[in-house]
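*Asks:* File data.txt below, compact mmCIF, C-alpha atoms:
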# COMPACT_ATOMS: atom_id res chain seq x y z
CA MET A 1 -26.02 -8.17 -36.50
CA LYS A 2 -26.70 -7.88 -32.82
CA SER A 3 -30.45 -7.74 -33.40
CA MET A 4 -30.32 -10.87 -35.56
CA ARG A 5 -28.46 -12.77 -32.85
CA GLN A 6 -31.14 -11.73 -30.40
CA SER A 7 -33.82 -13.00 -32.76
CA THR A 8 -32.09 -16.36 -33.02
CA GLN A 9 -31.91 -16.69 -29.27
CA ARG A 10 -35.59 -15.85 -28.88
CA GLU A 11 -36.58 -18.47 -31.48
CA THR A 12 -35.32 -21.24 -29.21
CA ARG A 13 -38.15 -20.34 -26.80
CA SER A 14 -40.54 -22.06 -29.23
CA PRO A 15 -43.25 -19.56 -30.20
CA GLN A 16 -46.79 -20.90 -30.51
CA LEU A 17 -48.86 -21.50 -33.63
CA ALA A 18 -52.54 -20.69 -33.69
CA ALA A 19 -55.04 -22.93 -35.45
CA ALA A 20 -58.28 -21.33 -36.59
CA PRO A 21 -61.50 -23.15 -35.65
CA PHE A 22 -62.43 -24.70 -39.00
CA ALA A 23 -59.15 -25.12 -40.83
CA GLN A 24 -56.07 -27.29 -40.92
CA ARG A 25 -53.41 -26.63 -38.32
CA ALA A 26 -50.77 -24.18 -39.43
CA THR A 27 -47.16 -23.80 -38.56
CA THR A 28 -46.22 -20.22 -37.92
CA ALA A 29 -43.31 -18.75 -36.07
CA ALA A 30 -43.57 -15.50 -34.19
CA ILE A 31 -41.05 -13.82 -31.93
CA ALA A 32 -41.70 -11.14 -29.33
CA VAL A 33 -39.14 -8.53 -30.22
CA ALA A 34 -39.37 -4.82 -29.50
CA CYS A 35 -39.36 -3.13 -32.91
CA ALA A 36 -38.89 0.57 -33.62
CA LEU A 37 -40.54 1.73 -36.83
CA ALA A 38 -37.89 3.09 -39.16
CA ALA A 39 -37.33 4.07 -42.77
CA GLY A 40 -38.12 1.13 -44.99
CA THR A 41 -41.20 0.08 -43.04
CA ALA A 42 -44.67 -0.40 -44.45
CA THR A 43 -46.84 0.59 -41.52
CA ALA A 44 -50.37 1.50 -40.48
CA ALA A 45 -52.29 1.91 -37.23
CA MET A 46 -52.63 -1.86 -36.77
CA GLY A 47 -49.28 -3.27 -37.84
CA SER A 48 -46.12 -2.87 -39.86
CA MET A 49 -43.82 -4.84 -42.16
CA GLU A 50 -40.23 -4.30 -43.21
CA ILE A 51 -37.72 -6.28 -45.25
CA LEU A 52 -34.26 -6.97 -43.81
CA SER A 53 -30.96 -7.77 -45.47
CA ARG A 54 -29.71 -10.69 -43.38
CA ALA A 55 -26.11 -10.34 -44.57
CA GLU A 56 -25.93 -6.66 -43.63
CA GLY A 57 -28.33 -6.72 -40.68
CA ARG A 58 -30.20 -3.65 -41.88
CA THR A 59 -33.65 -2.67 -43.10
CA LEU A 60 -33.82 -2.30 -46.87
CA PRO A 61 -34.92 1.25 -47.79
CA VAL A 62 -38.34 1.67 -49.37
CA TYR A 63 -38.91 3.82 -52.47
CA LYS A 64 -42.45 5.03 -53.17
CA GLN A 65 -44.05 5.57 -56.55
CA ASP A 66 -47.74 6.01 -57.40
CA GLY A 67 -49.00 4.44 -54.20
CA ARG A 68 -46.68 1.45 -54.33
CA GLN A 69 -43.64 0.72 -52.19
CA TRP A 70 -40.49 -0.79 -53.70
CA ILE A 71 -37.22 -2.22 -52.43
CA VAL A 72 -34.12 -3.25 -54.35
CA GLY A 73 -33.60 -7.00 -54.46
CA THR A 74 -30.11 -8.29 -55.23
CA PRO A 75 -29.99 -11.85 -56.64
CA GLY A 76 -28.32 -14.18 -54.16
CA GLU A 77 -29.08 -12.00 -51.11
CA GLU A 78 -30.94 -13.66 -48.22
CA TYR A 79 -33.66 -11.56 -46.63
CA GLY A 80 -36.08 -11.65 -43.74
CA ILE A 81 -39.51 -10.16 -43.11
CA ARG A 82 -40.15 -8.39 -39.82
CA VAL A 83 -43.85 -8.08 -39.07
CA CYS A 84 -45.09 -6.15 -36.03
CA ASN A 85 -48.35 -5.89 -34.13
CA THR A 86 -48.80 -2.26 -33.08
CA THR A 87 -52.01 -2.83 -31.10
CA GLY A 88 -52.67 -3.82 -27.50
CA GLU A 89 -54.38 -7.08 -28.54
CA ARG A 90 -53.42 -10.26 -30.34
CA VAL A 91 -53.55 -10.13 -34.14
CA LEU A 92 -53.18 -12.67 -36.93
CA ALA A 93 -50.75 -11.88 -39.77
CA VAL A 94 -51.30 -13.96 -42.91
CA MET A 95 -48.10 -13.63 -44.96
CA SER A 96 -47.41 -14.14 -48.65
CA VAL A 97 -44.33 -14.02 -50.87
CA ASP A 98 -44.72 -14.03 -54.67
CA GLY A 99 -48.40 -14.86 -54.23
CA ILE A 100 -47.70 -17.94 -52.06
CA ASN A 101 -48.57 -18.44 -48.38
CA ILE A 102 -45.26 -18.72 -46.54
CA VAL A 103 -46.66 -21.15 -43.94
CA SER A 104 -48.68 -23.60 -46.00
CA GLY A 105 -47.27 -23.16 -49.52
CA GLU A 106 -50.76 -22.63 -50.97
CA THR A 107 -51.55 -19.98 -53.56
CA ALA A 108 -52.11 -17.11 -51.15
CA SER A 109 -55.49 -16.06 -49.78
CA PRO A 110 -56.23 -14.01 -46.66
CA SER A 111 -58.30 -16.90 -45.29
CA GLN A 112 -55.24 -19.14 -44.85
CA SER A 113 -52.71 -19.88 -42.11
CA GLY A 114 -50.64 -17.13 -40.57
CA TYR A 115 -48.60 -15.88 -37.65
CA VAL A 116 -50.26 -14.73 -34.44
CA LEU A 117 -48.59 -11.88 -32.57
CA SER A 118 -49.33 -10.83 -29.02
CA ALA A 119 -49.84 -7.19 -28.09
CA ASN A 120 -47.05 -4.92 -29.35
CA GLU A 121 -44.93 -7.84 -30.53
CA CYS A 122 -42.79 -8.37 -33.63
CA TYR A 123 -41.34 -11.42 -35.33
CA GLU A 124 -38.63 -11.86 -37.94
CA ILE A 125 -39.57 -14.48 -40.53
CA ASN A 126 -36.56 -15.74 -42.50
CA GLY A 127 -38.00 -18.47 -44.70
CA TRP A 128 -40.71 -20.78 -45.97
CA ARG A 129 -42.01 -22.90 -43.10
CA LYS A 130 -41.21 -26.56 -43.57
CA SER A 131 -42.22 -27.89 -40.14
CA ASN A 132 -42.63 -26.77 -36.53
CA SER A 133 -38.85 -26.68 -36.27
CA THR A 134 -37.53 -25.81 -39.75
CA THR A 135 -37.69 -23.11 -42.43
CA ALA A 136 -36.12 -22.78 -45.90
CA ALA A 137 -34.43 -19.39 -46.28
CA PHE A 138 -35.81 -16.58 -48.41
CA TYR A 139 -33.35 -15.19 -50.97
CA PHE A 140 -33.69 -13.03 -54.06
CA THR A 141 -33.00 -15.01 -57.21
CA GLU A 142 -33.44 -15.16 -60.96
CA LEU A 143 -36.94 -15.92 -62.18
CA PRO A 144 -36.37 -19.57 -63.25
CA ASP A 145 -35.01 -20.39 -59.77
CA ALA A 146 -37.85 -18.72 -57.83
CA TYR A 147 -40.00 -21.06 -55.74
CA ALA A 148 -43.13 -19.66 -57.41
CA THR A 149 -41.75 -20.46 -60.86
CA ARG A 150 -40.57 -23.92 -59.86
CA THR A 151 -44.06 -24.72 -58.56
CA GLY A 152 -45.80 -23.40 -61.69
CA ARG A 153 -47.03 -20.07 -60.22
CA PRO A 154 -44.79 -17.28 -61.59
CA ASP A 155 -47.50 -14.68 -62.23
CA ASN A 156 -47.14 -12.82 -58.92
CA VAL A 157 -43.40 -12.81 -58.32
CA GLY A 158 -41.98 -9.60 -56.89
CA VAL A 159 -44.37 -8.78 -54.05
CA ILE A 160 -44.43 -9.47 -50.32
CA GLY A 161 -47.70 -9.00 -48.45
CA VAL A 162 -49.39 -9.30 -45.08
CA ALA A 163 -53.08 -9.35 -44.15
CA PHE A 164 -53.83 -8.46 -40.53
CA PHE A 165 -56.87 -9.76 -38.65
CA ARG A 166 -58.21 -8.73 -35.27
CA GLU A 167 -59.22 -11.48 -32.86
CA LYS A 168 -62.79 -12.13 -31.88
CA PRO A 169 -63.12 -11.32 -28.16
CA GLN A 170 -62.32 -14.36 -26.04
CA ARG A 171 -63.16 -15.24 -22.47
CA ALA A 172 -60.00 -17.26 -22.00
CA VAL A 173 -56.75 -15.51 -21.07
CA TRP A 174 -54.03 -16.23 -23.62
CA LYS A 175 -50.37 -16.56 -22.78
CA ASP A 176 -48.26 -13.57 -23.70
CA SER A 177 -46.30 -15.09 -26.60
CA PRO A 178 -46.45 -15.12 -30.43
CA LYS A 179 -48.48 -17.79 -32.20
CA ILE A 180 -49.63 -19.12 -35.60
CA ALA A 181 -53.19 -19.44 -36.87
CA ALA A 182 -54.47 -21.89 -39.44
CA GLY A 183 -56.72 -20.90 -42.32
CA ARG A 184 -60.47 -20.52 -42.37
CA PRO A 185 -62.78 -22.74 -44.41
CA THR A 186 -63.11 -21.86 -48.09
CA GLU A 187 -65.55 -18.97 -47.67
CA PRO A 188 -65.39 -15.77 -49.73
CA ALA A 189 -63.12 -13.14 -48.29
CA ALA A 190 -62.95 -9.54 -49.38
CA ARG A 191 -60.07 -9.26 -51.80
CA GLN A 192 -57.69 -6.40 -51.17
CA ASP A 193 -54.90 -6.02 -53.71
CA ALA A 194 -52.71 -3.72 -51.66
CA GLY A 195 -50.06 -3.61 -54.38
CA ALA A 196 -52.33 -2.94 -57.40
CA PRO A 197 -52.97 0.68 -58.45
CA SER A 198 -56.52 1.91 -59.08
CA ALA A 199 -57.67 3.46 -62.38
CA PRO A 200 -57.02 7.02 -61.09
CA ALA A 201 -53.60 5.89 -59.91
CA ALA A 202 -52.87 4.44 -63.36
CA ALA A 203 -53.82 7.77 -64.97
CA ALA A 204 -51.64 9.62 -62.49
CA GLU A 205 -48.80 7.23 -63.31
CA ALA A 206 -49.13 8.02 -67.03
CA GLN A 207 -49.00 11.77 -66.32
CA SER A 208 -46.04 11.27 -64.01
CA ASN A 209 -44.19 9.28 -66.67
CA ASP A 210 -44.85 12.04 -69.27
CA ALA A 211 -43.53 14.68 -66.87
CA ALA A 212 -40.49 12.56 -66.03
CA ARG A 213 -39.81 12.09 -69.75
CA ALA A 214 -39.93 15.84 -70.32
CA ARG A 215 -37.60 16.48 -67.39
CA GLY A 216 -35.22 13.87 -68.72
CA GLU A 217 -35.09 15.55 -72.15
CA ALA A 218 -34.34 18.92 -70.55
CA ALA A 219 -31.63 17.47 -68.34
CA ALA A 220 -29.93 15.70 -71.24
CA ALA A 221 -28.38 18.96 -72.43
CA SER A 222 -26.82 19.87 -69.09
CA ALA A 223 -23.96 18.46 -67.05
CA PRO A 224 -23.56 16.10 -65.38
CA ILE A 225 -25.00 13.74 -67.95
CA ALA A 226 -27.55 11.18 -66.81
CA ALA A 227 -26.41 7.83 -68.12
CA PRO A 228 -28.95 6.04 -70.31
CA ALA A 229 -31.36 3.97 -68.23
CA PRO A 230 -30.54 0.29 -68.62
CA ALA A 231 -32.99 -1.84 -70.55
CA PRO A 232 -35.38 -3.78 -68.31
CA LEU A 233 -34.11 -7.20 -67.35
CA ALA A 234 -36.07 -10.27 -66.32
CA LYS A 235 -37.93 -9.91 -63.03
CA ILE A 236 -36.56 -11.61 -59.94
CA GLY A 237 -38.32 -13.80 -57.39
CA THR A 238 -37.72 -15.51 -54.05
CA GLY A 239 -35.90 -18.81 -53.82
CA HIS A 240 -36.32 -21.84 -51.54
CA GLY A 241 -33.00 -21.76 -49.73
CA ARG A 242 -31.01 -23.48 -47.01
CA TYR A 243 -32.79 -25.16 -44.13
CA GLU A 244 -32.59 -23.47 -40.73
CA GLN A 245 -33.92 -24.26 -37.27
CA SER A 246 -36.96 -22.21 -36.27
CA TYR A 247 -39.15 -23.61 -33.52
CA VAL A 248 -42.86 -22.90 -33.26
CA GLU A 249 -45.97 -24.30 -31.59
CA ASN A 250 -49.65 -24.41 -32.53
CA THR A 251 -52.42 -22.36 -30.98
CA ARG A 252 -55.95 -21.23 -31.84
CA PHE A 253 -57.17 -17.92 -33.20
CA GLU A 254 -60.73 -16.92 -34.10
CA ARG A 255 -60.94 -14.01 -36.50
CA GLU A 256 -63.21 -11.09 -35.81
CA SER A 257 -64.26 -11.05 -39.49
CA ALA A 258 -63.60 -12.93 -42.73
CA ALA A 259 -62.06 -9.87 -44.40
CA PRO A 260 -58.65 -8.53 -43.32
CA ASN A 261 -58.65 -5.43 -41.15
CA LEU A 262 -55.49 -4.24 -42.91
CA THR A 263 -53.32 -5.31 -45.84
CA LEU A 264 -49.78 -4.12 -46.59
CA ALA A 265 -47.55 -4.86 -49.58
CA ILE A 266 -43.93 -4.22 -50.52
CA ASN A 267 -42.83 -4.83 -54.11
CA TYR A 268 -39.29 -5.73 -55.10
CA ASP A 269 -37.17 -5.97 -58.23
CA ARG A 270 -33.56 -5.65 -59.30
CA ARG A 271 -32.03 -2.16 -59.30
CA GLU A 272 -31.78 -1.95 -63.11
CA ASN A 273 -35.52 -2.51 -63.47
CA LEU A 274 -36.39 0.06 -60.82
CA VAL A 275 -34.26 2.59 -62.70
CA ALA A 276 -36.00 1.71 -65.96
CA MET A 277 -39.40 2.13 -64.28
CA GLY A 278 -38.45 5.54 -62.88
CA VAL A 279 -38.61 4.37 -59.25
CA LEU A 280 -34.88 5.10 -58.86
CA PRO A 281 -32.86 7.80 -60.66
CA PRO A 282 -30.37 6.66 -63.30
CA PRO A 283 -26.67 6.68 -62.46
CA VAL A 284 -24.83 9.93 -63.22
CA ALA A 285 -21.86 9.96 -65.58
CA SER A 286 -19.29 12.74 -65.79
CA ARG A 287 -18.69 14.51 -69.15
CA ASN A 288 -14.91 14.41 -68.76
CA GLY A 289 -13.68 11.56 -66.65
CA ASN A 290 -10.29 12.01 -64.94
CA PRO A 291 -8.29 8.80 -64.45
CA PHE A 292 -6.33 10.44 -61.57
CA PRO A 293 -8.69 12.90 -59.86
CA ALA A 294 -6.32 13.48 -56.89
CA TRP A 295 -3.34 14.41 -59.05
CA PRO A 296 -1.17 16.58 -59.24
CA ARG A 297 -1.34 17.64 -55.56
CA ARG A 298 1.62 16.14 -53.69
CA PHE A 299 1.95 18.22 -50.50
CA VAL A 300 -0.19 19.20 -47.55
CA PRO A 301 -2.47 22.14 -48.42
CA ASP A 302 -3.08 25.13 -46.17
CA PRO A 303 -6.01 24.90 -43.77
CA PRO A 304 -9.16 26.94 -44.46
CA THR A 305 -9.00 30.58 -43.35
CA ARG A 306 -10.73 31.43 -40.07
Take the structure in the file and give it back as structure tokens.

*Replies:*
Amino acid sequence: MKSMRQSTQRETRSPQLAAAPFAQRATTAAIAVACALAAGTATAAMGSMEILSRAEGRTLPVYKQDGRQWIVGTPGEEYGIRVCNTTGERVLAVMSVDGINIVSGETASPSQSGYVLSANECYEINGWRKSNSTTAAFYFTELPDAYATRTGRPDNVGVIGVAFFREKPQRAVWKDSPKIAAGRPTEPAARQDAGAPSAPAAAAEAQSNDAARARGEAAAASAPIAAPAPAPLAKIGTGHGRYEQSYVENTRFERESAAPNLTLAINYDRRENLVAMGVLPPPVASRNGNPFPAWPRRFVPDPPTR
């Protein structure tokens, strides 16, 4: 919780938003926070992204399967996205949740508005941007309550993404603080579906599922017994939650190219579905449950022999 309090204090310094040359102005909040890469982080040479449980103040662990990264989303839990620039220059991070741009609310495209981070800076994004001073909190929720569903765009629920752009070399010296960049004009941009598996990956997934099925049949005869995997439930999405103060300013950012230099994606779903998909192991049940496992011992036992 200490780190979250620090983030709140830094937000009051009013980060800057960057507006790209030919697009509408965008509101984007970015905070300069030192960020150590840890388990649960989607990272590459240019930047990183991790999902935080706001209630517990921890990074949600990432589980990998067939080239995709997954986290467990618990309905009702508020979460934040920490995005980091790991380069020595400014970068633009265009962010999406459930296929929707978190700054503008548009159906997401890499050419849209995003957060600008100074060299080696990070920022914790806790909600949909409503203005230069307000966000609506992210939280995991049932599909009908998801913002994407309520706005008629439920097809891409369950994925959080970021597209990083390098900045075109500038003569001017920029202030050392985070910023937000607005989108480019509607020009074609190279599409990079970071969360979608390729044909070879799909074939590998089928082989992996067959092998997992065989292992499961072999393990069924031994103890402890693997409890039956729960039937898949409805997917979950991200809700449009409580309003919070989050101050930002506008700035300008000119992209080095129309296509992102890097895209990262983290998928999420409820635990039961990840078990059913084979991302997580099923719970283990004992053959012979004991209602009083500590009984009948009533006195202090001898210590181990030296």

*Asks:* My list of candidates is A:Ile266, A:Ala137, A:Met277, A:Cys122. Which is closest to Pro61 of chain A when distances are computed with all atoms listed in the file?

*Replies:*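 Smallest distance to Pro61 of chain A is found for A:Ile266.
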
*Asks:* Which polymer residues have any atom within 9 Å of an atom of Trp70 of chain A, counting only C-alpha atoms, with same-chain residues fewer than 5 positions away left out, as number ranges by chain?

*Replies:* A: 61-65, 159, 266-269, 274, 279

*Asks:* Within 7 Å of (-38.4, -10.2, -39.4) (file coordinates; only C-alpha atoms), which protein or nucleic acid residues are there? I'd like them as a short mmCIF file (atom, residue, chain, number, x, y, z; two decimals) with C-alpha atoms, keeping the file's coordinate frame.

*Replies:*
data_model
loop_
_atom_site.label_atom_id
_atom_site.label_comp_id
_atom_site.auth_asym_id
_atom_site.auth_seq_id
_atom_site.Cartn_x
_atom_site.Cartn_y
_atom_site.Cartn_z
CA LEU A 52 -34.26 -6.97 -43.81
CA GLY A 80 -36.08 -11.65 -43.74
CA ILE A 81 -39.51 -10.16 -43.11
CA ARG A 82 -40.15 -8.39 -39.82
CA VAL A 83 -43.85 -8.08 -39.07
CA TYR A 123 -41.34 -11.42 -35.33
CA GLU A 124 -38.63 -11.86 -37.94
CA ILE A 125 -39.57 -14.48 -40.53
CA ASN A 126 -36.56 -15.74 -42.50
#

*Asks:* For Leu92 of chain A, which residue out of A:Arg298, A:Arg166, A:Arg271, A:Arg153 is the nearest one, using all atoms listed in the file?

*Replies:*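 Checking each candidate against Leu92 of chain A, we get A:Arg166 as the closest.
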
*Asks:* Find the residue from A:Ser118, A:Thr74, A:Ser246, A:Gln69 that sits nearest to Ser131 of chain A; use all atoms listed in the file when measuring.

*Replies:*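 Answer, going by the shortest atom-to-atom distance: A:Ser246.
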
*Asks:* Enter the distance from atom CA of Arg242 of chain A to atom CA of Ala146 of chain A, in Å, rounded to one decimal.

*Replies:*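 Spanning atom CA of Arg242 of chain A to atom CA of Ala146 of chain A is a straight-line distance of 13.7 Å.
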
*Asks:* Write out as a list in words each polymer residue whose atoms come within 12 Å of Gly152 of chain A, counting all atoms listed in the file; drop sequence neighbours fewer than 6 positions from it.

*Replies:*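 So, after excluding close chain neighbours, the residues are Asp98, Gly99, Ile100, Glu106, Thr107, Leu143, Pro144, Asp145 and Ala146 of chain A.
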
*Asks:* Between A:Gly105, A:Val94, A:Tyr139, A:Val300, which one has atoms that come closest to Ala55 of chain A, using all atoms listed in the file?

*Replies:*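 Between A:Gly105, A:Val94, A:Tyr139, A:Val300, the residue approaching Ala55 of chain A most closely is A:Tyr139.
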
*Asks:* Atom CA of Ser48 of chain A and atom CA of Thr151 of chain A are how many Å apart?

*Replies:*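 Between atom CA of Ser48 of chain A and atom CA of Thr151 of chain A the gap works out to 28.8 Å.
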
*Asks:* For Gly127 of chain A, find every residue with an atom within 7 Å (counting all atoms listed in the file), except residues of its own chain fewer than 3 positions away, and show them as a PyMOL selection string.

*Replies:* chain A and resi 135-138

*Asks:* What is the distance, in Å and to one decimal place, between atom CA of Gly88 of chain A and atom CA of Asn101 of chain A?

*Replies:* 25.8 Å

*Asks:* Find the residue from A:Ser104, A:Asn288, A:Asn120, A:Thr263 that sits nearest to Met49 of chain A; use only C-alpha atoms when measuring.

*Replies:*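 Comparing A:Ser104, A:Asn288, A:Asn120, A:Thr263 against Met49 of chain A, the winner is A:Thr263.
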
*Asks:* With distances taken over only C-alpha atoms, which residue among A:Pro110, A:Pro169, A:Pro281, A:Gly241 lies nearest Ala182 of chain A?

*Replies:* A:Pro110

*Asks:* Skipping near chain neighbours, those fewer than 2 positions away, what residues fall within 10 Å of Thr86 of chain A using only C-alpha atoms, listed as an MDAnalysis selection string?

*Replies:* chainID A and resid 35 37 43:48 83:84 88:91 117:122

*Asks:* Just the residues within 9 Å of Ala93 of chain A, please, counting only C-alpha atoms, with nothing from its chain fewer than 2 positions along; format it as a VMD selection string.

*Replies:* chain A and resid 47 83 to 85 91 95 113 to 117 162 to 165 180 to 181
